[in-house]
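Asker: Please find model_17.txt (compact mmCIF, C-alpha atoms) on the next line:
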# COMPACT_ATOMS: atom_id res chain seq x y z
CA MET W 1 -71.90 77.28 24.09
CA THR W 2 -68.45 77.64 25.61
CA PHE W 3 -66.14 80.64 25.47
CA PHE W 4 -62.50 81.11 26.37
CA ILE W 5 -61.35 84.70 26.93
CA SER W 6 -57.76 85.75 27.52
CA GLY W 7 -55.51 88.77 27.08
CA GLY W 8 -53.48 91.24 29.13
CA ALA W 9 -54.44 92.72 32.49
CA LYS W 10 -57.18 95.40 32.68
CA ASN W 11 -58.14 95.19 29.01
CA GLY W 12 -61.83 94.40 29.40
CA LYS W 13 -61.88 90.60 29.72
CA SER W 14 -64.22 90.50 32.72
CA THR W 15 -66.60 93.04 31.19
CA LEU W 16 -66.90 90.99 28.01
CA ALA W 17 -67.30 87.80 30.05
CA GLN W 18 -70.12 89.27 32.16
CA ASN W 19 -71.99 90.60 29.13
CA LEU W 20 -71.60 87.26 27.38
CA ALA W 21 -72.84 85.25 30.37
CA VAL W 22 -75.91 87.48 30.80
CA SER W 23 -76.71 87.22 27.11
CA LEU W 24 -76.24 83.43 27.02
CA ALA W 25 -78.46 82.92 30.08
CA LYS W 26 -81.44 84.52 28.29
CA GLY W 27 -83.00 85.52 31.61
CA LYS W 28 -82.37 82.14 33.24
CA THR W 29 -79.96 81.29 36.05
CA HIS W 30 -76.40 82.45 35.57
CA TYR W 31 -73.63 81.81 38.05
CA TYR W 32 -70.51 83.75 38.78
CA VAL W 33 -67.87 81.29 39.97
CA ALA W 34 -65.64 83.34 42.24
CA THR W 35 -62.22 81.66 42.35
CA MET W 36 -60.13 84.06 44.35
CA ILE W 37 -59.35 83.12 47.94
CA PRO W 38 -58.54 86.49 49.51
CA VAL W 39 -55.46 86.70 51.70
CA ASP W 40 -55.21 90.45 52.33
CA ASP W 41 -57.02 93.79 52.04
CA GLU W 42 -55.80 94.30 48.47
CA ASP W 43 -57.54 91.07 47.44
CA ARG W 44 -60.67 92.01 49.38
CA LEU W 45 -60.78 95.42 47.66
CA ARG W 46 -60.44 93.78 44.22
CA ILE W 47 -63.24 91.37 45.04
CA GLN W 48 -65.41 94.27 46.23
CA ARG W 49 -64.81 96.09 42.90
CA HIS W 50 -65.78 92.98 40.97
CA ILE W 51 -68.96 92.56 43.06
CA GLU W 52 -69.92 96.19 42.35
CA ASP W 53 -69.24 95.64 38.63
CA ARG W 54 -71.64 92.69 38.63
CA GLU W 55 -74.40 94.43 40.57
CA GLY W 56 -77.73 94.40 38.79
CA LEU W 57 -76.64 91.73 36.29
CA GLY W 58 -78.49 88.97 38.15
CA PHE W 59 -75.58 86.63 38.86
CA THR W 60 -75.72 84.06 41.63
CA THR W 61 -72.24 83.86 43.14
CA LEU W 62 -70.63 80.47 43.80
CA GLU W 63 -67.47 80.61 45.87
CA CYS W 64 -65.09 77.97 44.61
CA GLY W 65 -61.34 78.38 45.02
CA ARG W 66 -60.43 74.73 44.39
CA ASN W 67 -61.91 71.52 42.93
CA ILE W 68 -63.98 73.33 40.36
CA LEU W 69 -66.39 70.46 39.73
CA SER W 70 -67.54 70.65 43.36
CA CYS W 71 -69.41 73.91 42.70
CA LEU W 72 -71.79 72.01 40.42
CA GLU W 73 -73.12 70.13 43.45
CA HIS W 74 -74.84 73.33 44.59
CA ALA W 75 -75.95 74.57 41.18
CA GLU W 76 -78.11 73.76 38.18
CA PRO W 77 -75.51 72.13 35.95
CA LYS W 78 -77.24 73.10 32.70
CA ALA W 79 -77.25 76.81 33.54
CA THR W 80 -74.70 79.44 32.44
CA PHE W 81 -71.41 79.73 34.35
CA LEU W 82 -68.85 82.50 34.30
CA LEU W 83 -65.51 81.38 35.72
CA ASP W 84 -63.19 84.27 36.49
CA SER W 85 -60.39 83.31 36.50
CA VAL W 86 -58.57 80.18 35.40
CA THR W 87 -55.36 81.81 36.64
CA ALA W 88 -56.59 82.32 40.21
CA LEU W 89 -58.02 78.80 40.34
CA LEU W 90 -54.71 77.31 39.19
CA MET W 91 -52.76 79.36 41.75
CA ASN W 92 -55.01 78.03 44.53
CA GLU W 93 -54.59 74.45 43.31
CA LEU W 94 -50.83 74.71 42.84
CA PHE W 95 -49.90 76.46 46.06
CA ARG W 96 -51.72 75.57 49.27
CA GLU W 97 -51.01 77.30 52.54
CA ASP W 98 -51.56 74.04 54.44
CA GLN W 99 -48.86 72.41 52.28
CA GLY W 100 -46.35 75.17 52.89
CA TYR W 101 -46.94 76.55 49.34
CA GLN W 102 -45.06 73.62 47.82
CA MET W 103 -45.97 73.26 44.17
CA ASP W 104 -48.61 70.52 43.81
CA LEU W 105 -48.19 69.34 40.20
CA GLU W 106 -50.75 66.57 40.60
CA ALA W 107 -53.40 69.12 41.66
CA ALA W 108 -52.51 71.26 38.62
CA ARG W 109 -52.94 68.30 36.27
CA ARG W 110 -56.33 67.51 37.80
CA CYS W 111 -57.31 71.18 37.60
CA GLY W 112 -56.78 71.12 33.81
CA GLU W 113 -58.81 67.94 33.43
CA ASP W 114 -61.60 69.25 35.67
CA LEU W 115 -61.85 72.49 33.72
CA GLU W 116 -62.27 70.58 30.48
CA THR W 117 -64.91 68.35 32.09
CA PHE W 118 -66.61 71.48 33.45
CA ALA W 119 -66.73 72.96 29.93
CA LYS W 120 -68.29 69.79 28.58
CA THR W 121 -70.80 69.40 31.43
CA VAL W 122 -72.47 72.76 31.94
CA GLY W 123 -75.06 74.44 29.70
CA ASN W 124 -72.94 77.49 28.87
CA ALA W 125 -69.51 78.40 30.15
CA VAL W 126 -67.36 81.51 29.92
CA PHE W 127 -63.76 81.10 31.09
CA VAL W 128 -61.48 84.04 31.77
CA SER W 129 -57.71 83.55 31.81
CA ASP W 130 -54.66 85.82 31.74
CA TYR W 131 -52.15 85.96 28.94
CA ILE W 132 -48.69 86.17 30.50
CA ALA W 133 -46.61 84.37 27.89
CA SER W 134 -44.98 87.19 25.92
CA ASP W 135 -42.46 88.84 28.18
CA ALA W 136 -38.69 88.52 28.15
CA GLY W 137 -38.27 86.92 31.55
CA ARG W 138 -35.64 84.27 32.21
CA TYR W 139 -37.36 82.87 35.24
CA ASP W 140 -36.53 80.44 38.02
CA GLU W 141 -37.76 76.89 37.59
CA THR W 142 -40.93 77.30 39.69
CA THR W 143 -42.13 80.38 37.77
CA GLU W 144 -41.28 78.75 34.45
CA GLN W 145 -43.26 75.66 35.47
CA TYR W 146 -46.23 77.81 36.44
CA ARG W 147 -46.14 79.55 33.04
CA LYS W 148 -46.03 76.19 31.27
CA ILE W 149 -48.90 74.71 33.30
CA LEU W 150 -51.10 77.78 32.77
CA ALA W 151 -50.36 77.72 29.02
CA ASP W 152 -51.18 74.00 28.87
CA ILE W 153 -54.56 74.61 30.55
CA ASP W 154 -55.26 77.61 28.30
CA ARG W 155 -54.53 75.54 25.20
CA ARG W 156 -56.70 72.73 26.48
CA LEU W 157 -59.62 75.09 27.08
CA ALA W 158 -59.04 76.87 23.75
CA ARG W 159 -59.31 73.47 22.06
CA ALA W 160 -62.44 72.49 24.00
CA CYS W 161 -64.34 75.79 23.72
CA ASP W 162 -66.50 76.88 20.78
CA THR W 163 -65.13 80.41 20.77
CA VAL W 164 -61.72 81.84 21.71
CA VAL W 165 -61.30 85.60 22.11
CA GLU W 166 -58.24 87.65 22.94
CA VAL W 167 -59.13 91.03 24.43
CA SER W 168 -56.85 94.00 23.84
CA ALA W 169 -57.77 97.54 24.93
CA GLY W 170 -61.41 96.50 25.10
CA GLN W 171 -61.28 95.21 21.50
CA TYR W 172 -61.87 91.61 20.52
CA ILE W 173 -59.56 89.44 18.44
CA ILE W 174 -61.53 86.32 17.60
CA HIS W 175 -59.24 83.32 17.18
CA LYS W 176 -61.97 80.73 16.87
CA GLY W 177 -65.77 80.67 16.56
CA ALA W 178 -67.90 83.80 16.91
CA LEU W 179 -69.25 86.19 19.54
CA PRO W 180 -73.06 86.24 19.78
CA LEU W 181 -73.13 89.89 20.89
CA MET I 1 -40.00 81.39 4.17
CA ILE I 2 -42.52 81.13 6.96
CA LEU I 3 -42.05 82.87 10.30
CA ILE I 4 -43.99 81.58 13.29
CA ILE I 5 -44.08 83.66 16.45
CA GLY I 6 -45.97 83.32 19.73
CA GLY I 7 -45.57 83.45 23.48
CA ALA I 8 -43.99 80.79 25.66
CA TYR I 9 -45.70 77.36 25.63
CA GLN I 10 -48.38 78.47 23.17
CA GLY I 11 -47.89 75.44 20.91
CA LYS I 12 -45.75 76.93 18.12
CA LEU I 13 -43.73 73.79 17.39
CA GLU I 14 -46.72 71.48 17.73
CA TYR I 15 -48.58 73.68 15.23
CA ALA I 16 -45.65 73.70 12.79
CA LYS I 17 -45.29 69.92 12.97
CA ALA I 18 -48.96 69.40 12.18
CA ALA I 19 -49.41 72.17 9.61
CA PHE I 20 -46.25 71.42 7.60
CA SER I 21 -45.94 67.67 8.27
CA LEU I 22 -42.54 68.04 9.91
CA LYS I 23 -40.63 65.05 11.22
CA ASP I 24 -38.36 65.42 14.25
CA SER I 25 -35.38 65.11 11.91
CA ASP I 26 -36.60 68.22 10.00
CA ILE I 27 -36.29 70.36 13.11
CA PHE I 28 -33.21 72.08 14.48
CA THR I 29 -33.63 73.41 18.03
CA CYS I 30 -31.33 76.31 18.89
CA THR I 31 -29.43 76.08 22.15
CA GLY I 32 -26.57 78.40 21.21
CA LYS I 33 -25.03 80.28 18.28
CA GLU I 34 -24.96 77.28 15.95
CA VAL I 35 -27.82 77.01 13.46
CA ASP I 36 -28.24 74.19 10.95
CA LEU I 37 -29.97 75.87 8.02
CA SER I 38 -30.08 72.62 6.08
CA ARG I 39 -33.02 71.59 8.27
CA LYS I 40 -36.46 72.56 7.08
CA CYS I 41 -37.42 74.10 10.42
CA VAL I 42 -35.35 76.12 12.89
CA TYR I 43 -36.94 76.36 16.33
CA ALA I 44 -36.20 78.53 19.40
CA LEU I 45 -34.57 81.41 17.52
CA GLU I 46 -34.78 83.38 20.77
CA GLU I 47 -32.13 81.06 22.22
CA PHE I 48 -29.92 81.66 19.20
CA CYS I 49 -30.39 85.40 19.82
CA PHE I 50 -29.55 85.04 23.50
CA ALA I 51 -26.25 83.34 22.66
CA CYS I 52 -25.43 85.94 19.98
CA VAL I 53 -26.04 88.81 22.37
CA GLN I 54 -23.82 87.22 24.99
CA ALA I 55 -21.08 86.96 22.35
CA GLY I 56 -21.62 90.59 21.33
CA GLU I 57 -23.02 89.70 17.90
CA GLU I 58 -26.13 90.89 16.05
CA PRO I 59 -28.40 87.89 15.35
CA ALA I 60 -30.07 89.51 12.32
CA ASP I 61 -26.66 89.80 10.59
CA PHE I 62 -26.35 86.02 10.47
CA PHE I 63 -29.70 85.64 8.70
CA ARG I 64 -28.95 88.52 6.30
CA LYS I 65 -25.73 86.77 5.36
CA HIS I 66 -27.54 83.46 4.83
CA ARG I 67 -30.59 84.98 3.15
CA GLN I 68 -30.53 82.56 0.21
CA GLU I 69 -30.47 79.51 2.46
CA ILE I 70 -33.64 80.40 4.37
CA GLN I 71 -35.92 81.01 1.40
CA ASN I 72 -37.81 77.76 2.06
CA SER I 73 -37.34 77.57 5.82
CA ILE I 74 -39.88 77.52 8.62
CA LEU I 75 -38.47 79.70 11.38
CA ILE I 76 -39.95 79.75 14.88
CA CYS I 77 -39.29 82.44 17.47
CA GLN I 78 -40.81 83.11 20.86
CA ASP I 79 -42.62 86.42 21.34
CA ILE I 80 -40.72 87.93 24.28
CA PHE I 81 -41.71 91.51 23.57
CA CYS I 82 -44.67 92.41 25.76
CA GLY I 83 -43.44 92.57 29.36
CA VAL I 84 -42.03 95.50 31.30
CA VAL I 85 -38.54 96.61 30.30
CA PRO I 86 -36.29 93.92 31.79
CA MET I 87 -34.05 94.89 34.72
CA GLY I 88 -30.88 93.28 33.39
CA ALA I 89 -28.97 95.01 30.57
CA ASP I 90 -28.24 91.66 28.91
CA VAL I 91 -31.93 90.66 28.92
CA ARG I 92 -32.85 94.10 27.54
CA GLU I 93 -30.37 93.68 24.71
CA TRP I 94 -31.65 90.13 24.12
CA ARG I 95 -35.20 91.40 23.73
CA GLN I 96 -34.10 94.21 21.40
CA ALA I 97 -31.92 91.99 19.22
CA THR I 98 -34.62 89.32 18.99
CA GLY I 99 -37.13 92.00 18.00
CA ARG I 100 -34.83 93.31 15.27
CA LEU I 101 -34.40 89.77 13.96
CA CYS I 102 -38.15 89.11 13.92
CA GLN I 103 -38.80 92.35 12.05
CA TYR I 104 -36.18 91.46 9.45
CA LEU I 105 -37.49 87.90 9.05
CA ALA I 106 -41.09 89.10 8.92
CA SER I 107 -40.23 91.55 6.13
CA GLU I 108 -38.63 88.72 4.14
CA ALA I 109 -41.26 86.10 4.95
CA ASP I 110 -44.00 84.91 2.63
CA GLN I 111 -46.15 84.19 5.67
CA VAL I 112 -46.07 85.32 9.29
CA ILE I 113 -48.17 83.25 11.67
CA ARG I 114 -48.81 84.02 15.33
CA ILE I 115 -49.84 81.20 17.68
CA PHE I 116 -52.17 82.07 20.56
CA CYS I 117 -53.28 79.26 22.90
CA GLY I 118 -52.50 76.73 20.18
CA LEU I 119 -54.53 78.58 17.51
CA GLU I 120 -53.06 80.20 14.41
CA GLN I 121 -53.50 83.83 13.51
CA LYS I 122 -52.21 84.84 10.08
CA LEU I 123 -50.42 88.17 10.32
CA LYS I 124 -49.00 88.19 6.79
For the structure just supplied, provide its representation as structure tokens.
Answerer:
Amino acid sequence: MTFFISGGAKNGKSTLAQNLAVSLAKGKTHYYVATMIPVDDEDRLRIQRHIEDREGLGFTTLECGRNILSCLEHAEPKATFLLDSVTALLMNELFREDQGYQMDLEAARRCGEDLETFAKTVGNAVFVSDYIASDAGRYDETTEQYRKILADIDRRLARACDTVVEVSAGQYIIHKGALPL
Amino acid sequence: MILIIGGAYQGKLEYAKAAFSLKDSDIFTCTGKEVDLSRKCVYALEEFCFACVQAGEEPADFFRKHRQEIQNSILICQDIFCGVVPMGADVREWRQATGRLCQYLASEADQVIRIFCGLEQKLK
């Protein structure tokens, strides 16, 4: 089973995703695919909070900030995977320090394809993304492109996944499929 | 009349084309204050609103005036309502005026559909 979870910031997406992954794993191996590549103390603090949140839930952490399919080389592919988040992964793919943070559109295109392949390959997958499409910004070209690419990947995953849930204030709006909780 | 709303790049037009068998020639895409209501579908109402606000006009007034002509229309507007209050006064007014228009159209509409990640959610 595959799940796509999105919604606004701090609404309970990660909590739902963790509970789902644990429940889907049925006591077997479940991986937490950590996508954030920390650059400062703020990032490290956020990561620490997420690690504490996951404590006792039995996740094996896979660090994978880019090339998402590569994490399957060190994992049981038919296990349960929680990928948090699509947004962080895309940021890492799009903007690389060693490329002077120039937007890498080819990497973004591959990232979308890889995520769909990932969803179709693994036993169970839970994807967490961020919904940033409903503000009144008139952005510069780069930001607008980022919004479009993220939305394209979200739509692709929403199409590929069995269940699509929008989380708002800890409540679940089910757009497709069902939640087995 | 059917009102379709949803965030940027969520697949509103693609959905409308598939759900209502629209051809490209059925669709009018707003880029300014001009709207061709003879087309079955009017897309990017938020751009119409932006142009109205810049000209000091109330976008909802136009649709109130042409109420009879939109009875069978499919109208598509971007949801621009959920961010922080915009810094620029003109963008603030744009958001407000677009919101007023959507509320008016939603009250008149037979159906209101929200698109989220390409998926429809029936609101009315």
Asker: Just checking: using all atoms listed in the file, which residue out of I:Ala19, I:Cys117, I:Leu123, I:Cys30 ends up closest to Arg155 in chain W?
Answerer: I:Cys117
Asker: Could you write out as number ranges by chain the residues of chain I within 8 Å of chain W, counting only C-alpha atoms?
Answerer: I: 6-11, 78-84, 86, 91, 95, 116-121
Asker: Kindly provide, as JSON, the centre and edge lengths (Å, one decimal) of an axis-aligned box around all atoms of range 117-130 of chain W given in the file, with 3 Å on each side.
Answerer:
{"center_x": -64.9, "center_y": 77.1, "center_z": 31.0, "size_x": 26.4, "size_y": 23.5, "size_z": 10.9}
Asker: Calculate how many Å separate CA of Phe127 in chain W from CA of Gly100 in chain W, rounding to one decimal.
Answerer: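 Computed distance, CA of Phe127 in chain W to CA of Gly100 in chain W, equals 28.5 Å.
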Asker: If you measure from CA of Lys120 in chain W to CA of Asp104 in chain W, what distance in Å do you get, rounded to one decimal?
Answerer: 24.9 Å
Asker: Give me the residues near Lys33 in chain I as a PyMOL selection string, where near means some atom within 9 Å (using all atoms listed in the file) and where sequence neighbours in that chain fewer than 2 positions away do not count.
Answerer: chain I and resi 30-31+35+47-52+55+59
